[in-house]
Amino acid sequence: MTKKIENFALINPVSLICDKDRAELTRSDILNVILSKKIERLTLHYTAIDGKLKELKVPVCNRKQIETVLAEGERCDGSSLFKGIVDTSMSDLYIVPDYKTAFLNPFDENSLDFICRFITPSGELAPFAPDNILSNAANLFNKRTSLDLYALGEMEFFLLSENQSNEYPAPKQKGYHQGPPFAKTSEILNYMLNMLTQITGNVKYAHYEVGNLEYIRSDNPEINGKRVEQLEIEFLPTPILEAGDNIALSRWIIRNTAYQYGLTATFAPKLEEGLAGNGMHIHLALMKDAKNIMIDKNGVLSAESKKLIGGLCHYADSLTAYGNTVSSSYLRLVPNQEAPTSVCWSDMNRSSLIRVPLAWTKTNNLAMKINPQQTEPLNNVESRQTVELRSPDGSAFSHLLLAGIAMAVDWGFADKKASEIALASYSSGNSNENKAKFAGLPSLPASCAESAKILRQQRSLYERENIFPASVINYVASLLEQENDVNLHKRLLDMSADERLTESRRLMHKELHRH
């Protein structure tokens with residue numbers, strides 16, 4: 001039976017028009033939206049190998065034409081979207097809309113938009129497409145365990161604006177949860193938040209982050225002299241393929257909104273020495289029959305959670321190939337910046353690679369302690385426990401990173417060593433304050449070159465079960481090697497202070513929009 005949609009302010013308008021959950025949308029529903037909203041074009045979006053959301057605009061000419069596009073999709077040049085992976089002699093691919101992703105374009109009032117999947121000429125999901133790799137990895141894990149892997153991304157980014165006012169300056173590195181008038185772009189953040197909530201239905205919250213700077217110096221004219229504010233939009237847990245789409249859409253929404261307001265948005269891992277970097281932390285949850293099973297009946301991490309953690313630890317160094325793809329990524333992964341440098345996990349410790357964040361495990365209905373007039377508790381509150389991987393940053397290949405994470409979790413359930421690895425990798429305390437205690441832990445790579453080398457050595461972790469094609473592994477490794485950053489930290493240490501600052505800024509500012 002179709003579930004009726006409650007008319008909350010930020011419900012997806014497509015769902016409201018059809019009075020259906022997005023997952024139930026059919027071609028007839030989409031045609032109804034096109035007619036009722038007088039849609040002039042369909043915009044088809046899809047993620048290419050470079051991690052960016054591409055688009056194709058299809059004008060609404062007549063019913064037969066649009067029905068055909070909705071039923072069959074359209075063609076595209078795969079050799080351009082997957083350069084070096086798809087040969088020009090056999091380059092045609094189909095792009096087919098996923099109806100449940102339909103949304104009204106916030107930047108084009110006459111467009112109805114979709115996320116699409118790539119399909120080969122033989123009618124199969126293209127095995128080299130990032131979202132299809134993720135889908136295959138998630139299905140492998142589900143088939144092996146009968147569990148679903150949910151994920152969410154924390155999208156940290158910098159907004160750069162003209163430095164027009166000296167009123168209410170925000171001190172450097174003190175922007176966490178700041179509000180107006182110290183935060184100057186609150187209106188823009190509100191718009192981003194509203195649009196992402198309407199489109200995805202799965203946004204948790206938004207806030208200002210630590211990093212801010214009244215004036216940035218750079219040889220890059222796009223950012224030189226601008227005011228820097230760091231913001232974050234965090235999603236709610238969803239099935240991992242949907243989480244990958246949400247990350248891609250959020251980058252698209254954030255960049256386009258900034259552009260409309262005459263600002264620049266960047267997910268660059270680092271912009272300045274001593275300024276917080278942009279992480280893209282990934283939270284994970286194991287679900288069984290739509291119920292979170294991260295906590296056992298005794299209120300502690302379940303055995304399944306330990307397997308997940310063990311898998312992440314085993315894969316941690318090679319995962320940087322997908323999660324940390326530019327040289328400046330490794331200027332963020334340094335001590336004293338709330339970023340990990342070693343492979344370990346702990347409870348609530350923001351310097352660990354894997355963190356078990358505070359959840360409502362041992363207490364609930366907290367508002368009753370503050371509001372004694374509230375006498376009726378909220379019953380049947382479900383667990384919200386997640387495990388957070390803190391190494392990835394804004395340069396990540398989002399779908400490939402999540403696919404690699406799914407493979408790591410799958411390995412954790414398949415190999416008995418995972419639980420032992422989790423036990424051996426647990427650490428408590430602050431790694432920056434107790435360096436001797438953490439000295440024996442395995443280290444994360446210190447450069448793109450090192451990450452590429454590890455990926456090539458450990459490629460079988462991803463190629464098993466034919467999930468990651470060899471061509472995709474080669475593409476990622478080659479891209480990392482092109483950064484040419486062998487012995488990155490040693491080279492910087494050998495420079496004078498002025499030379500080091502100049503070179504660091506060059507690395508941080510040379511590619512502001514990687515993915």
# chains A, B, ... in the order shown; residues from 1 in each chain; ligands from 1
>>> residues_around(residues="range 102-109 of chain A", least_positions_apart="4", cutoff="8 Å", atoms="only C-alpha atoms", output="short mmCIF file (atom, residue, chain, number, x, y, z; two decimals) with N, CA and C atoms, in the first residue's frame")
data_model
loop_
_atom_site.label_atom_id
_atom_site.label_comp_id
_atom_site.auth_asym_id
_atom_site.auth_seq_id
_atom_site.Cartn_x
_atom_site.Cartn_y
_atom_site.Cartn_z
N ASN A 12 10.75 16.51 -0.39
CA ASN A 12 11.00 16.58 -1.83
C ASN A 12 9.69 16.89 -2.56
N PRO A 13 9.62 18.00 -3.33
CA PRO A 13 8.38 18.35 -4.03
C PRO A 13 7.87 17.26 -4.96
N VAL A 14 8.77 16.47 -5.53
CA VAL A 14 8.34 15.39 -6.41
C VAL A 14 7.51 14.37 -5.63
N ARG A 22 9.75 8.29 -2.42
CA ARG A 22 10.58 8.35 -3.64
C ARG A 22 10.86 6.97 -4.21
N ASP A 98 17.45 6.96 -12.66
CA ASP A 98 16.94 6.26 -11.48
C ASP A 98 15.78 7.11 -10.95
N ASP A 113 15.39 16.86 -12.64
CA ASP A 113 16.70 16.24 -12.68
C ASP A 113 16.69 14.82 -12.10
N PHE A 114 17.65 14.01 -12.55
CA PHE A 114 17.81 12.63 -12.08
C PHE A 114 19.29 12.30 -11.93
N ILE A 115 19.57 11.37 -11.03
CA ILE A 115 20.84 10.66 -11.05
C ILE A 115 20.66 9.46 -11.97
N MET A 195 18.16 23.16 0.19
CA MET A 195 18.17 22.46 -1.09
C MET A 195 18.58 21.00 -0.93
N ILE A 199 16.23 17.68 -1.69
CA ILE A 199 16.64 16.74 -2.74
C ILE A 199 16.89 15.35 -2.18
N ASN A 256 27.48 25.24 -6.75
CA ASN A 256 26.57 26.08 -7.52
C ASN A 256 25.96 27.20 -6.69
#
>>> residues_around(residues="Glu338 in chain A", least_positions_apart="4", cutoff="10 Å", atoms="only C-alpha atoms", output="ChimeraX atom specification")
/A:276-277,279,332-334,349-353,390,432
>>> closest_residue(among="A:Ser346, A:Ser428, A:Gln457, A:Ser327", to="Leu512 in chain A", atoms="only C-alpha atoms")
A:Ser327
>>> residues_around(residues="range 124-137 of chain A", least_positions_apart="5", cutoff="7 Å", atoms="only C-alpha atoms", output="ChimeraX atom specification")
/A:48-49,118-119,241,399-400,402-403,406-407,467-469,472
>>> residues_around(residues="range 176-192 of chain A", least_positions_apart="5", cutoff="7 Å", atoms="only C-alpha atoms", output="ChimeraX atom specification")
/A:168-170,207-210,253-254,257
>>> residues_around(residues="Asn224 in chain A", least_positions_apart="3", cutoff="12 Å", atoms="only C-alpha atoms", output="PyMOL selection string")
chain A and resi 160-163+213-221+227-228+264+271-272+505+509
>>> select_by_dssp(residues="range 95-342 of chain A", states="strand (DSSP E)", output="JSON, numbers by chain")
{"A": [95, 96, 97, 103, 104, 111, 112, 113, 114, 115, 116, 117, 118, 119, 148, 149, 150, 151, 152, 153, 154, 155, 156, 157, 158, 159, 160, 161, 203, 204, 205, 206, 207, 208, 209, 210, 211, 212, 213, 227, 228, 229, 230, 231, 232, 233, 234, 235, 238, 239, 264, 265, 266, 282, 283, 284, 285, 286, 287, 288, 291, 292]}
>>> atom_distance(atom1="CA of His281 in chain A", atom2="CA of Ala396 in chain A")
10.4 Å
>>> residues_around(residues="Phe157 in chain A", least_positions_apart="3", cutoff="6 Å", atoms="only C-alpha atoms", output="list in words")
Gln230, Leu231, Thr266, Phe267 and Asn278 of chain A
>>> residues_around(residues="Leu93 in chain A", least_positions_apart="6", cutoff="9 Å", atoms="only C-alpha atoms", output="VMD selection string")
chain A and resid 74 to 78 118 to 121 126
>>> atom_distance(atom1="CA of Lys52 in chain A", atom2="CA of His515 in chain A")
5.4 Å
>>> closest_residue(among="A:Ser250, A:Ser79, A:Asn110, A:Thr145", to="Ser36 in chain A", atoms="only C-alpha atoms")
A:Asn110
>>> closest_residue(among="A:Arg255, A:Lys57, A:Lys490, A:Lys172", to="Glu229 in chain A", atoms="only C-alpha atoms")
A:Lys172
>>> atom_distance(atom1="CA of Ser15 in chain A", atom2="CA of Arg63 in chain A")
21.1 Å
>>> closest_residue(among="A:Pro372, A:Pro377, A:Pro97, A:Gly323", to="Ser451 in chain A", atoms="only C-alpha atoms")
A:Gly323
>>> closest_residue(among="A:Glu465, A:Glu6, A:Glu67, A:Asp87", to="Thr26 in chain A", atoms="only C-alpha atoms")
A:Glu67
>>> closest_residue(among="A:Gly412, A:Gly201, A:Pro357, A:Gly311", to="Leu10 in chain A", atoms="only C-alpha atoms")
A:Gly201
